[in-house]
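> Dropping in data_31.txt, which is compact mmCIF, C-alpha atoms:
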```txt
# COMPACT_ATOMS: atom_id res chain seq x y z
CA MET A 1 16.83 13.54 58.97
CA ASP A 2 17.87 13.22 62.63
CA THR A 3 21.20 11.78 63.73
CA GLU A 4 19.66 8.76 65.44
CA THR A 5 17.85 7.72 62.26
CA GLU A 6 21.06 8.06 60.25
CA GLN A 7 23.00 5.97 62.77
CA GLN A 8 20.36 3.25 62.62
CA PHE A 9 20.55 3.35 58.84
CA LEU A 10 24.34 2.94 58.90
CA ALA A 11 24.07 0.12 61.41
CA THR A 12 21.67 -1.74 59.12
CA TYR A 13 23.52 -0.92 55.89
CA PRO A 14 27.24 -0.47 56.76
CA LEU A 15 28.15 0.09 53.10
CA ALA A 16 26.15 3.35 53.23
CA ALA A 17 29.06 4.90 55.15
CA SER A 18 30.86 5.05 51.81
CA MET A 19 28.12 7.17 50.22
CA ARG A 20 28.42 10.89 49.68
CA GLU A 21 26.57 12.68 52.47
CA GLU A 22 24.08 14.29 50.10
CA ASP A 23 23.32 10.92 48.51
CA ARG A 24 22.82 9.29 51.87
CA ARG A 25 20.43 12.00 53.02
CA PHE A 26 18.48 11.75 49.76
CA LEU A 27 18.08 8.02 50.24
CA LEU A 28 17.04 8.49 53.86
CA GLU A 29 14.36 10.94 52.73
CA LEU A 30 13.15 8.42 50.15
CA SER A 31 12.95 5.76 52.83
CA ARG A 32 10.59 7.98 54.77
CA ARG A 33 8.23 8.23 51.79
CA TYR A 34 8.57 4.64 50.54
CA ARG A 35 8.62 1.44 52.51
CA PHE A 36 11.70 -0.14 50.92
CA SER A 37 12.42 -3.78 51.59
CA PHE A 38 15.87 -4.65 52.92
CA GLN A 39 16.95 -5.92 49.51
CA GLN A 40 15.65 -2.83 47.73
CA MET A 41 17.50 -0.50 50.08
CA ARG A 42 20.73 -2.48 49.82
CA MET A 43 20.53 -2.31 46.02
CA LEU A 44 19.86 1.45 46.10
CA VAL A 45 22.87 1.98 48.37
CA GLU A 46 25.09 0.04 45.95
CA GLN A 47 23.70 1.90 42.93
CA SER A 48 24.23 5.26 44.59
CA ILE A 49 27.85 4.43 45.39
CA ASP A 50 28.47 3.11 41.87
CA LEU A 51 27.13 6.25 40.22
CA SER A 52 29.38 8.36 42.43
CA LEU A 53 32.53 6.32 41.74
CA TRP A 54 31.76 6.27 38.02
CA ASP A 55 31.20 10.04 38.03
CA GLN A 56 27.87 9.41 36.32
CA GLY A 57 25.62 11.68 38.34
CA SER A 58 23.57 10.59 41.33
CA LEU A 59 20.52 8.58 42.32
CA SER A 60 18.57 11.80 42.78
CA MET A 61 19.08 12.56 39.08
CA LEU A 62 17.62 9.21 38.03
CA TRP A 63 14.79 8.96 40.56
CA ASN A 64 11.43 10.01 39.13
CA ASP A 65 8.21 9.59 41.13
CA GLU A 66 6.22 9.72 37.89
CA ASP A 67 7.70 6.36 36.87
CA GLY A 68 5.24 4.88 39.36
CA GLY A 69 2.31 5.93 37.14
CA ASN A 70 -1.07 5.33 38.74
CA LEU A 71 0.22 2.50 40.89
CA SER A 72 0.35 2.61 44.67
CA GLY A 73 2.09 0.80 47.51
CA LYS A 74 4.67 -1.86 46.74
CA PRO A 75 3.92 -2.03 42.98
CA ARG A 76 4.58 1.73 42.71
CA THR A 77 7.84 1.49 44.61
CA LYS A 78 8.97 -1.42 42.48
CA ALA A 79 8.11 0.40 39.24
CA ILE A 80 10.19 3.45 40.20
CA ILE A 81 13.16 1.34 41.32
CA ASP A 82 12.95 -0.73 38.11
CA ALA A 83 13.09 2.47 36.06
CA VAL A 84 16.23 3.56 37.91
CA SER A 85 17.80 0.13 37.43
CA GLN A 86 17.06 0.19 33.71
CA GLN A 87 18.98 3.45 33.31
CA ILE A 88 21.94 2.05 35.24
CA ASP A 89 21.79 -1.19 33.23
CA ILE A 90 22.26 0.83 30.05
CA LEU A 91 25.50 2.22 31.49
CA ARG A 92 26.60 -1.29 32.43
CA LYS A 93 25.76 -3.01 29.13
CA ASP A 94 27.35 -0.47 26.81
CA PRO A 95 31.16 -0.46 26.49
CA THR A 96 32.55 1.80 29.21
CA ASP A 97 33.19 5.31 27.90
CA TYR A 98 36.33 6.83 29.42
CA SER A 99 36.40 9.94 27.23
CA ASP A 100 34.90 12.17 29.95
CA PHE A 101 36.35 10.37 32.99
CA THR A 102 39.16 12.41 34.53
CA ARG A 103 38.87 11.70 38.26
CA LYS A 104 41.82 9.97 39.91
CA PRO A 105 42.05 8.40 43.35
CA LYS A 106 44.16 9.92 46.08
CA THR A 107 47.35 7.93 46.43
CA THR A 108 49.68 7.83 49.41
CA ASN A 109 53.24 6.66 49.87
CA LYS A 110 53.14 3.44 51.86
CA ALA A 111 55.73 2.90 54.56
CA THR A 112 57.90 -0.21 54.40
CA HIS A 113 57.99 -2.62 57.30
CA ILE A 114 60.45 -5.48 57.72
CA GLU A 115 58.87 -8.49 59.40
CA THR A 116 60.01 -11.99 60.24
CA LEU A 117 57.64 -14.35 58.47
CA GLY A 118 57.15 -18.10 58.89
CA ASP A 119 56.76 -20.74 56.19
CA GLU A 120 53.00 -20.81 56.57
CA ARG A 121 52.81 -17.18 55.47
CA LEU A 122 54.96 -17.65 52.37
CA LEU A 123 53.52 -20.51 50.37
CA GLY A 124 49.94 -20.45 49.14
CA ARG A 125 47.77 -21.21 46.14
CA CYS A 126 46.30 -19.06 43.43
CA PRO A 127 42.89 -17.79 44.62
CA CYS A 128 41.18 -18.54 41.30
CA PRO A 129 40.01 -22.15 41.83
CA VAL A 130 36.37 -22.87 42.63
CA SER A 131 34.87 -26.18 43.63
CA GLY A 132 35.01 -28.91 41.01
CA GLU A 133 35.86 -28.19 37.38
CA LYS A 134 33.76 -25.06 36.90
CA THR A 135 36.77 -23.05 35.69
CA ARG A 136 40.02 -24.17 34.11
CA CYS A 137 42.71 -23.89 36.79
CA CYS A 138 46.45 -24.48 36.32
CA ASN A 139 47.07 -25.24 40.02
CA LEU A 140 49.53 -22.37 40.48
CA LEU A 141 51.37 -22.13 43.79
CA THR A 142 52.28 -18.70 45.14
CA LEU A 143 55.13 -17.28 47.18
CA ASP A 144 53.93 -14.25 49.12
CA VAL A 145 57.35 -12.74 49.80
CA VAL A 146 55.99 -9.19 49.97
CA GLN A 147 52.59 -8.13 51.30
CA GLN A 148 50.90 -5.04 49.79
CA CYS A 149 51.56 -3.15 46.57
CA ALA A 150 52.64 0.43 45.88
CA PHE A 151 50.67 0.54 42.63
CA ALA A 152 47.03 1.62 42.80
CA CYS A 153 45.07 -0.37 40.22
CA SER A 154 41.41 0.36 40.83
CA TYR A 155 40.28 -3.25 40.40
CA CYS A 156 42.92 -4.81 42.65
CA SER A 157 41.96 -6.39 45.96
CA ILE A 158 45.50 -6.54 47.37
CA GLN A 159 45.14 -3.05 48.83
CA SER A 160 42.14 -4.24 50.85
CA PHE A 161 43.50 -7.61 51.91
CA TYR A 162 46.73 -6.38 53.46
CA HIS A 163 47.96 -3.53 55.65
CA LYS A 164 46.56 -0.42 53.98
CA GLU A 165 49.50 1.94 54.51
CA GLU A 166 52.37 -0.49 55.02
CA ILE A 167 54.33 -2.79 52.76
CA HIS A 168 55.67 -5.82 54.59
CA PHE A 169 58.90 -7.48 53.49
CA ALA A 170 60.18 -10.77 54.87
CA ALA A 171 63.31 -9.99 56.87
CA ASN A 172 64.37 -13.64 56.86
CA LEU A 173 63.40 -14.46 53.27
CA ALA A 174 66.55 -16.30 52.21
CA GLN A 175 66.44 -18.46 55.34
CA ARG A 176 62.72 -19.17 54.97
CA LEU A 177 63.10 -20.17 51.33
CA GLU A 178 66.07 -22.36 52.16
CA THR A 179 63.97 -24.46 54.55
CA LEU A 180 60.65 -24.20 52.70
CA GLU A 181 59.11 -27.59 51.96
CA LEU A 182 57.24 -27.84 48.68
CA PRO A 183 54.24 -30.11 48.18
CA GLU A 184 54.69 -33.17 46.02
CA GLY A 185 54.30 -32.42 42.33
CA ALA A 186 54.94 -28.69 42.67
CA TRP A 187 56.28 -27.26 39.40
CA HIS A 188 54.96 -23.70 38.84
CA ILE A 189 55.18 -20.94 41.46
CA GLY A 190 54.25 -17.28 41.03
CA THR A 191 55.19 -14.34 43.24
CA GLY A 192 52.66 -11.77 42.04
CA GLN A 193 49.58 -12.56 44.14
CA SER A 194 50.34 -10.46 47.24
CA SER A 195 52.37 -7.72 45.55
CA ASP A 196 53.99 -6.80 42.25
CA SER A 197 56.94 -9.13 41.68
CA LEU A 198 59.46 -6.76 40.12
CA MET A 199 58.56 -3.21 41.17
CA TRP A 200 60.88 -3.66 44.16
CA GLY A 201 63.83 -4.83 42.09
CA ASN A 202 66.31 -6.51 44.43
CA ASP A 203 65.38 -4.36 47.43
CA HIS A 204 66.04 -6.22 50.69
CA GLY A 205 67.68 -9.02 48.68
CA ILE A 206 64.35 -10.32 47.35
CA LEU A 207 65.60 -11.40 43.94
CA ASP A 208 68.84 -12.81 45.30
CA ALA A 209 66.81 -15.04 47.62
CA LEU A 210 64.39 -16.07 44.86
CA SER A 211 67.27 -16.80 42.49
CA SER A 212 68.89 -19.10 45.04
CA PHE A 213 65.53 -20.79 45.63
CA ALA A 214 65.02 -21.39 41.89
CA THR A 215 68.54 -22.76 41.55
CA LYS A 216 67.91 -25.20 44.41
CA HIS A 217 64.65 -26.37 42.78
CA PRO A 218 65.39 -26.76 39.05
CA GLN A 219 62.09 -28.61 38.55
CA ILE A 220 60.22 -25.41 39.44
CA VAL A 221 59.27 -22.67 36.98
CA LEU A 222 59.36 -19.54 39.13
CA GLU A 223 57.34 -16.73 37.54
CA LEU A 224 57.83 -13.06 38.42
CA LYS A 225 54.74 -11.12 37.29
CA THR A 226 54.81 -7.34 37.05
CA LYS A 227 53.35 -4.06 35.76
CA SER A 228 56.57 -2.17 36.36
CA GLY A 229 59.18 -0.79 34.01
CA ARG A 230 62.07 -1.26 36.41
CA THR A 231 65.13 -2.99 34.91
CA ASP A 232 68.08 -2.27 37.23
CA TRP A 233 67.66 -5.73 38.75
CA LEU A 234 68.79 -7.24 35.44
CA ASP A 235 72.22 -5.63 35.83
CA ASN A 236 72.94 -6.82 39.36
CA THR A 237 71.38 -10.27 39.75
CA SER A 238 72.10 -13.54 37.98
CA PHE A 239 69.13 -15.77 37.27
CA PRO A 240 68.81 -19.48 36.58
CA ARG A 241 66.95 -20.41 33.41
CA ASN A 242 63.86 -21.55 35.34
CA MET A 243 63.03 -18.00 36.46
CA VAL A 244 60.53 -16.36 34.08
CA ALA A 245 59.59 -12.67 34.05
CA SER A 246 56.09 -11.85 32.80
CA TRP A 247 54.35 -8.55 32.21
CA SER A 248 50.68 -7.79 32.67
CA LEU A 249 49.65 -5.68 29.69
CA ASN A 250 46.58 -3.63 29.00
CA ALA A 251 45.11 -1.13 26.59
CA PRO A 252 46.65 2.35 27.05
CA THR A 253 43.25 3.79 28.04
CA VAL A 254 42.86 1.23 30.85
CA ILE A 255 46.41 1.87 32.05
CA ARG A 256 45.79 5.62 32.21
CA LYS A 257 42.34 5.46 33.76
CA GLU A 258 42.48 2.41 36.04
CA GLU A 259 46.06 1.19 36.57
CA HIS A 260 47.34 4.16 38.55
CA LEU A 261 51.06 4.56 39.29
CA THR A 262 51.99 1.59 37.08
CA ALA A 263 54.46 1.82 34.22
CA SER A 264 53.19 2.89 30.83
CA LEU A 265 52.72 0.25 28.14
CA GLU A 266 55.88 1.47 26.40
CA LYS A 267 57.96 1.13 29.59
CA ARG A 268 56.62 -2.36 30.24
CA PHE A 269 57.58 -3.42 26.73
CA ALA A 270 61.03 -1.84 27.09
CA ALA A 271 61.61 -3.72 30.34
CA ALA A 272 60.48 -7.00 28.79
CA ARG A 273 62.76 -6.41 25.80
CA LYS A 274 65.75 -5.86 28.06
CA ALA A 275 64.96 -9.02 30.05
CA ALA A 276 64.71 -11.06 26.84
CA ASP A 277 67.98 -9.57 25.56
CA CYS A 278 69.59 -10.69 28.82
CA GLY A 279 68.49 -14.25 28.04
CA MET A 280 65.62 -14.41 30.52
CA PRO A 281 62.46 -16.27 29.48
CA ILE A 282 59.51 -13.88 29.37
CA GLY A 283 55.73 -13.97 29.13
CA PHE A 284 52.72 -11.70 28.78
CA HIS A 285 49.26 -11.53 30.35
CA LEU A 286 46.51 -9.54 28.65
CA HIS A 287 44.66 -9.35 31.90
CA PRO A 288 42.28 -7.91 32.82
CA MET A 289 40.80 -7.08 29.44
CA VAL A 290 38.15 -4.36 29.79
CA HIS A 291 35.11 -3.82 27.56
CA PHE A 292 35.41 -0.10 26.84
CA THR A 293 34.77 2.19 23.88
CA GLY A 294 37.61 1.53 21.44
CA TRP A 295 38.74 -1.74 23.00
CA GLU A 296 39.09 -3.60 19.69
CA GLU A 297 41.65 -1.25 18.18
CA GLU A 298 43.63 -0.71 21.39
CA TYR A 299 44.02 -4.41 22.16
CA ARG A 300 44.93 -5.05 18.51
CA THR A 301 47.70 -2.46 18.95
CA VAL A 302 48.92 -4.22 22.11
CA VAL A 303 49.15 -7.54 20.27
CA ASP A 304 50.85 -5.90 17.29
CA GLU A 305 53.47 -4.46 19.64
CA ILE A 306 54.10 -7.90 21.17
CA THR A 307 54.55 -9.60 17.82
CA THR A 308 56.70 -6.77 16.42
CA ARG A 309 59.07 -6.45 19.38
CA PHE A 310 59.43 -10.14 20.24
CA SER A 311 59.79 -13.44 18.45
CA PRO A 312 57.43 -16.29 19.34
CA GLU A 313 60.41 -18.37 20.47
CA GLU A 314 61.22 -15.82 23.20
CA VAL A 315 57.77 -15.88 24.83
CA VAL A 316 56.83 -18.69 27.21
CA MET A 317 53.16 -17.86 27.69
CA VAL A 318 50.38 -15.49 26.71
CA SER A 319 47.28 -15.54 28.91
CA LEU A 320 43.96 -13.85 28.33
CA GLY A 321 41.61 -12.91 31.16
CA THR A 322 39.21 -10.27 32.32
CA LEU A 323 37.66 -8.72 35.38
CA THR A 324 36.42 -11.26 37.92
CA PHE A 325 35.16 -10.39 41.38
CA THR A 326 33.87 -12.14 44.46
CA LYS A 327 31.09 -10.53 46.49
CA GLU A 328 33.65 -9.55 49.10
CA VAL A 329 35.87 -7.80 46.56
CA LEU A 330 32.87 -5.93 45.11
CA LYS A 331 32.11 -4.74 48.63
CA GLN A 332 35.71 -3.68 49.20
CA LEU A 333 35.88 -1.72 45.94
CA ARG A 334 32.72 0.17 46.84
CA GLU A 335 33.95 0.84 50.37
CA SER A 336 37.27 2.14 49.09
CA GLY A 337 35.79 5.33 47.63
CA ARG A 338 38.35 5.25 44.79
CA PRO A 339 36.94 6.92 41.65
CA SER A 340 36.75 4.29 38.92
CA ARG A 341 34.53 3.04 36.13
CA ILE A 342 35.84 -0.49 36.42
CA LEU A 343 32.53 -1.71 37.90
CA GLN A 344 30.53 0.02 35.18
CA MET A 345 30.03 -3.38 33.60
CA GLU A 346 27.32 -5.98 33.31
CA LEU A 347 28.02 -8.17 36.33
CA THR A 348 27.01 -11.77 35.66
CA GLU A 349 27.42 -14.49 38.26
CA THR A 350 29.32 -17.54 37.07
CA ALA A 351 30.95 -20.23 39.19
CA GLY A 352 30.45 -18.19 42.34
CA LYS A 353 32.08 -15.02 41.00
CA TYR A 354 30.99 -11.97 39.02
CA SER A 355 32.28 -11.02 35.60
CA TYR A 356 31.17 -10.05 32.10
CA PRO A 357 28.56 -12.21 30.32
CA VAL A 358 30.07 -15.17 28.49
CA GLU A 359 29.24 -13.62 25.12
CA THR A 360 31.26 -10.49 25.91
CA LYS A 361 34.22 -12.54 27.11
CA GLN A 362 34.20 -14.71 24.03
CA GLN A 363 34.16 -11.64 21.82
CA MET A 364 37.11 -10.01 23.61
CA PHE A 365 39.25 -13.14 23.94
CA SER A 366 38.64 -14.24 20.35
CA HIS A 367 39.54 -10.81 19.05
CA ALA A 368 42.83 -10.73 20.97
CA TYR A 369 43.80 -14.28 19.99
CA ASN A 370 42.93 -13.73 16.34
CA CYS A 371 45.22 -10.69 16.29
CA PHE A 372 48.22 -12.99 16.77
CA PRO A 373 49.70 -14.28 13.49
CA LYS A 374 49.73 -18.01 12.72
CA SER A 375 53.48 -18.14 13.34
CA TRP A 376 52.78 -17.53 17.02
CA LYS A 377 50.36 -20.46 17.27
CA THR A 378 52.80 -23.25 16.58
CA GLY A 379 54.72 -25.49 18.96
CA LYS A 380 57.60 -23.02 19.01
CA GLY A 381 55.34 -20.17 20.07
CA PRO A 382 53.95 -19.29 23.51
CA PHE A 383 51.43 -21.34 25.44
CA PHE A 384 48.09 -19.56 25.08
CA TYR A 385 45.54 -20.01 27.84
CA LEU A 386 42.52 -18.46 29.50
CA CYS A 387 43.02 -17.43 33.10
CA MET A 388 40.21 -18.20 35.55
CA GLU A 389 37.62 -18.81 32.81
CA LEU A 390 34.90 -21.30 31.99
CA PRO A 391 35.92 -24.46 30.09
CA GLN A 392 33.33 -23.83 27.37
CA LEU A 393 35.14 -20.65 26.31
CA TRP A 394 38.28 -22.46 25.17
CA GLU A 395 36.95 -24.10 22.01
CA PRO A 396 35.35 -20.98 20.51
CA VAL A 397 38.42 -18.87 21.35
CA PHE A 398 41.34 -21.20 20.59
CA GLY A 399 39.77 -23.99 18.56
CA TYR A 400 40.75 -26.54 21.21
CA SER A 401 39.98 -27.30 24.83
CA PHE A 402 40.98 -29.56 27.71
CA PRO A 403 38.65 -32.14 29.26
CA ASP A 404 39.71 -31.33 32.81
CA ASN A 405 42.12 -29.27 34.91
CA ALA A 406 44.68 -32.08 35.11
CA SER A 407 44.97 -32.17 31.31
CA PHE A 408 45.30 -28.39 31.16
CA GLU A 409 48.02 -28.37 33.80
CA ALA A 410 49.91 -31.21 32.11
CA ALA A 411 49.90 -29.40 28.76
CA MET A 412 51.06 -26.16 30.37
CA ARG A 413 53.83 -27.91 32.27
CA ARG A 414 55.09 -29.71 29.17
CA HIS A 415 55.12 -26.51 27.10
CA TYR A 416 56.74 -24.37 29.81
CA ARG A 417 59.56 -26.84 30.36
CA GLU A 418 60.21 -27.12 26.62
CA LYS A 419 60.42 -23.32 26.39
CA VAL A 420 62.46 -22.78 29.55
CA PHE A 421 64.81 -25.70 28.90
CA PRO A 422 64.97 -25.96 25.08
CA ARG A 423 66.60 -29.02 23.61
CA SER A 424 69.97 -28.40 22.10
```
For the file at hand, write its structure as structure tokens.

Amino acid sequence: MDTETEQQFLATYPLAASMREEDRRFLLELSRRYRFSFQQMRMLVEQSIDLSLWDQGSLSMLWNDEDGGNLSGKPRTKAIIDAVSQQIDILRKDPTDYSDFTRKPKTTNKATHIETLGDERLLGRCPCPVSGEKTRCCNLLTLDVVQQCAFACSYCSIQSFYHKEEIHFAANLAQRLETLELPEGAWHIGTGQSSDSLMWGNDHGILDALSSFATKHPQIVLELKTKSGRTDWLDNTSFPRNMVASWSLNAPTVIRKEEHLTASLEKRFAAARKAADCGMPIGFHLHPMVHFTGWEEEYRTVVDEITTRFSPEEVVMVSLGTLTFTKEVLKQLRESGRPSRILQMELTETAGKYSYPVETKQQMFSHAYNCFPKSWKTGKGPFFYLCMELPQLWEPVFGYSFPDNASFEAAMRRHYREKVFPRS
């Protein structure tokens, strides 16, 4: 295929630039023989990229002209494409098999960059809300004190949203936090939306500044969310009671195959144990849960480790959640070229985003919650909640639900404050 034709193809379908050259040339040859519609070609480009990232062969291996039978024209083209899609759908609907997946993305050391940031670049809101009450949202505020992450989780969009090879720290963080004005009613702020909260420890005085901020605002629960195993910060920084450290946990297979450069599950638990021993309130997030071969037993093991190593009184919250993508994030993950089977899932659109079908979510969340003993589901235990999920999932998973986001937020706030500031 000539260069001009290929350039026109890339101009029409920019995502095709992320395809392997041999896949792109195969698709260009098909386009000469079949009159694909725009939508058909876009879908074939996405499918070709997915197969490559999943290490599940190529479009040329699935394409079979005989699937068109005796048909001709558009019906023939549609029949062949439908046959390809059916084979890919089988890969999506079955639990993801990681047993033969060994490819890892190339990772680079990101340079640090100190930058003076203004208030408007520090305070934000959790990106999970959608219009209305389509998902249960806790109205979390965020402090983006660092931009970009040195971990390389395959499903994470942070690496696409910020400077690809630079990590930006706020040079004037303490000053900015000192003068930062909080909106009325603010009570829960997280620092893990634009970077990992604790992988940096107290580098550049981050935790010193956040500790002073939390002390100045005792009505705030300041949550530091992490996948790291770093603990040196516990030895050198004093924390007010309203600072909570929480760990994102996952099945060991998912950590090995998709959460690259992060701490192992054992190291995360060890760090959480040390924080709890130092008197710091802690929490856990089983998020994102992944539907893979062996998921039931591995997530049961994760829960067993939580309930063996910690008492329910020590844990402020336990959230359950799974993979959720916007169209833009799906595009970014495909453009990234990072080998991953994270998108080898049945993508169902709900509330403007793409995730597993409701039935799959209910099965995973119910399993995880049921693995916790009854002693963890009392008033002295953690606050269990679903992160970024449909309201109708709460009742089948927990046996209770909230009528609206305001009720959910009020219950969370009451429970957090009782756990963080226990009555004597």
> Counting all atoms listed in the file, which residue out of A:Cys149, A:Leu10, A:Met199, A:Leu207 sits closest to Ala174 of chain A?
A:Leu207
> Tell me, in Å to one decimal, how far atom CA of Thr262 of chain A is from atom CA of Ala152 of chain A.
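Those two atoms sit 7.6 Å apart.
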> One decimal, in Å: what's the spacing between atom CA of Met280 of chain A and atom CA of Val244 of chain A?
6.5 Å
> Of the candidates A:Pro391, A:Pro339, A:Pro281, A:Gly381, which shows the shortest atom-to-atom distance to Gln362 of chain A, using only C-alpha atoms?
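Residue with the minimum atom-to-atom distance to Gln362 of chain A: A:Pro391.
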> When you count only C-alpha atoms, which of these residues is closest to Cys138 of chain A: A:Asn405, A:Asn242, A:Leu222, A:Arg341?
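Smallest distance to Cys138 of chain A is found for A:Asn405.
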> When you count all atoms listed in the file, which of these residues is closest to Trp376 of chain A: A:Ala214, A:Leu123, A:Met317, A:Met41?
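Of the candidates, the smallest distance to Trp376 of chain A is held by A:Met317.
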> Between A:Val145, A:Leu182, A:Leu320, A:Val290, single out the one closest to Lys257 of chain A, counting all atoms listed in the file.
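Among the listed residues, A:Val290 lies closest to Lys257 of chain A.
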> What lies within 8 Å of Ser246 of chain A using all atoms listed in the file, ignoring chain neighbours under 5 positions off, as a PyMOL selection string?
chain A and resi 223-226+272+282-285
> Show me, as a list in words, the residues that have an atom within 8 Å of Pro396 of chain A when counting only C-alpha atoms, minus same-chain residues fewer than 3 positions from it.
Gln362, Ser366, Gln392, Leu393, Gly399 and Tyr400 of chain A
> Calculate how many Å separate atom CA of Ser311 of chain A from atom CA of Arg413 of chain A, rounding to one decimal.
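Here the two named atoms are 20.9 Å from each other.
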> If we count all atoms listed in the file and set the cut-off at 9 Å, which residues sit around Pro357 of chain A, ignoring sequence neighbours fewer than 6 positions away in its own chain? Please answer as a PyMOL selection string.
chain A and resi 346-350
> At a cut-off of 9 Å around the point (61.5, -4.9, 33.3) (file coordinates), what residues fall inside when counting all atoms listed in the file? I'd like the answer as number ranges by chain.
A: 198-199, 226-234, 245-247, 267-275
> Name the closest residue to Pro403 of chain A among the candidates A:Glu29, A:Asp65, A:Glu21, A:Glu133; distances are taken between atoms, counting all atoms listed in the file.
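Result for the nearest residue to Pro403 of chain A: A:Glu133.
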> For a cut-off of 10 Å around (32.5, -3.6, 26.9), file coordinates, pick out all residues using only C-alpha atoms and list them as a CSV table (one decimal) with C-alpha atoms, in the coordinates of the input.

```
chain,number,residue,atom,x,y,z
A,92,ARG,CA,26.6,-1.3,32.4
A,93,LYS,CA,25.8,-3.0,29.1
A,94,ASP,CA,27.4,-0.5,26.8
A,95,PRO,CA,31.2,-0.5,26.5
A,96,THR,CA,32.6,1.8,29.2
A,97,ASP,CA,33.2,5.3,27.9
A,289,MET,CA,40.8,-7.1,29.4
A,290,VAL,CA,38.2,-4.4,29.8
A,291,HIS,CA,35.1,-3.8,27.6
A,292,PHE,CA,35.4,-0.1,26.8
A,293,THR,CA,34.8,2.2,23.9
A,294,GLY,CA,37.6,1.5,21.4
A,295,TRP,CA,38.7,-1.7,23.0
A,296,GLU,CA,39.1,-3.6,19.7
A,344,GLN,CA,30.5,0.0,35.2
A,345,MET,CA,30.0,-3.4,33.6
A,346,GLU,CA,27.3,-6.0,33.3
A,356,TYR,CA,31.2,-10.0,32.1
A,360,THR,CA,31.3,-10.5,25.9
A,361,LYS,CA,34.2,-12.5,27.1
A,363,GLN,CA,34.2,-11.6,21.8
A,364,MET,CA,37.1,-10.0,23.6
```
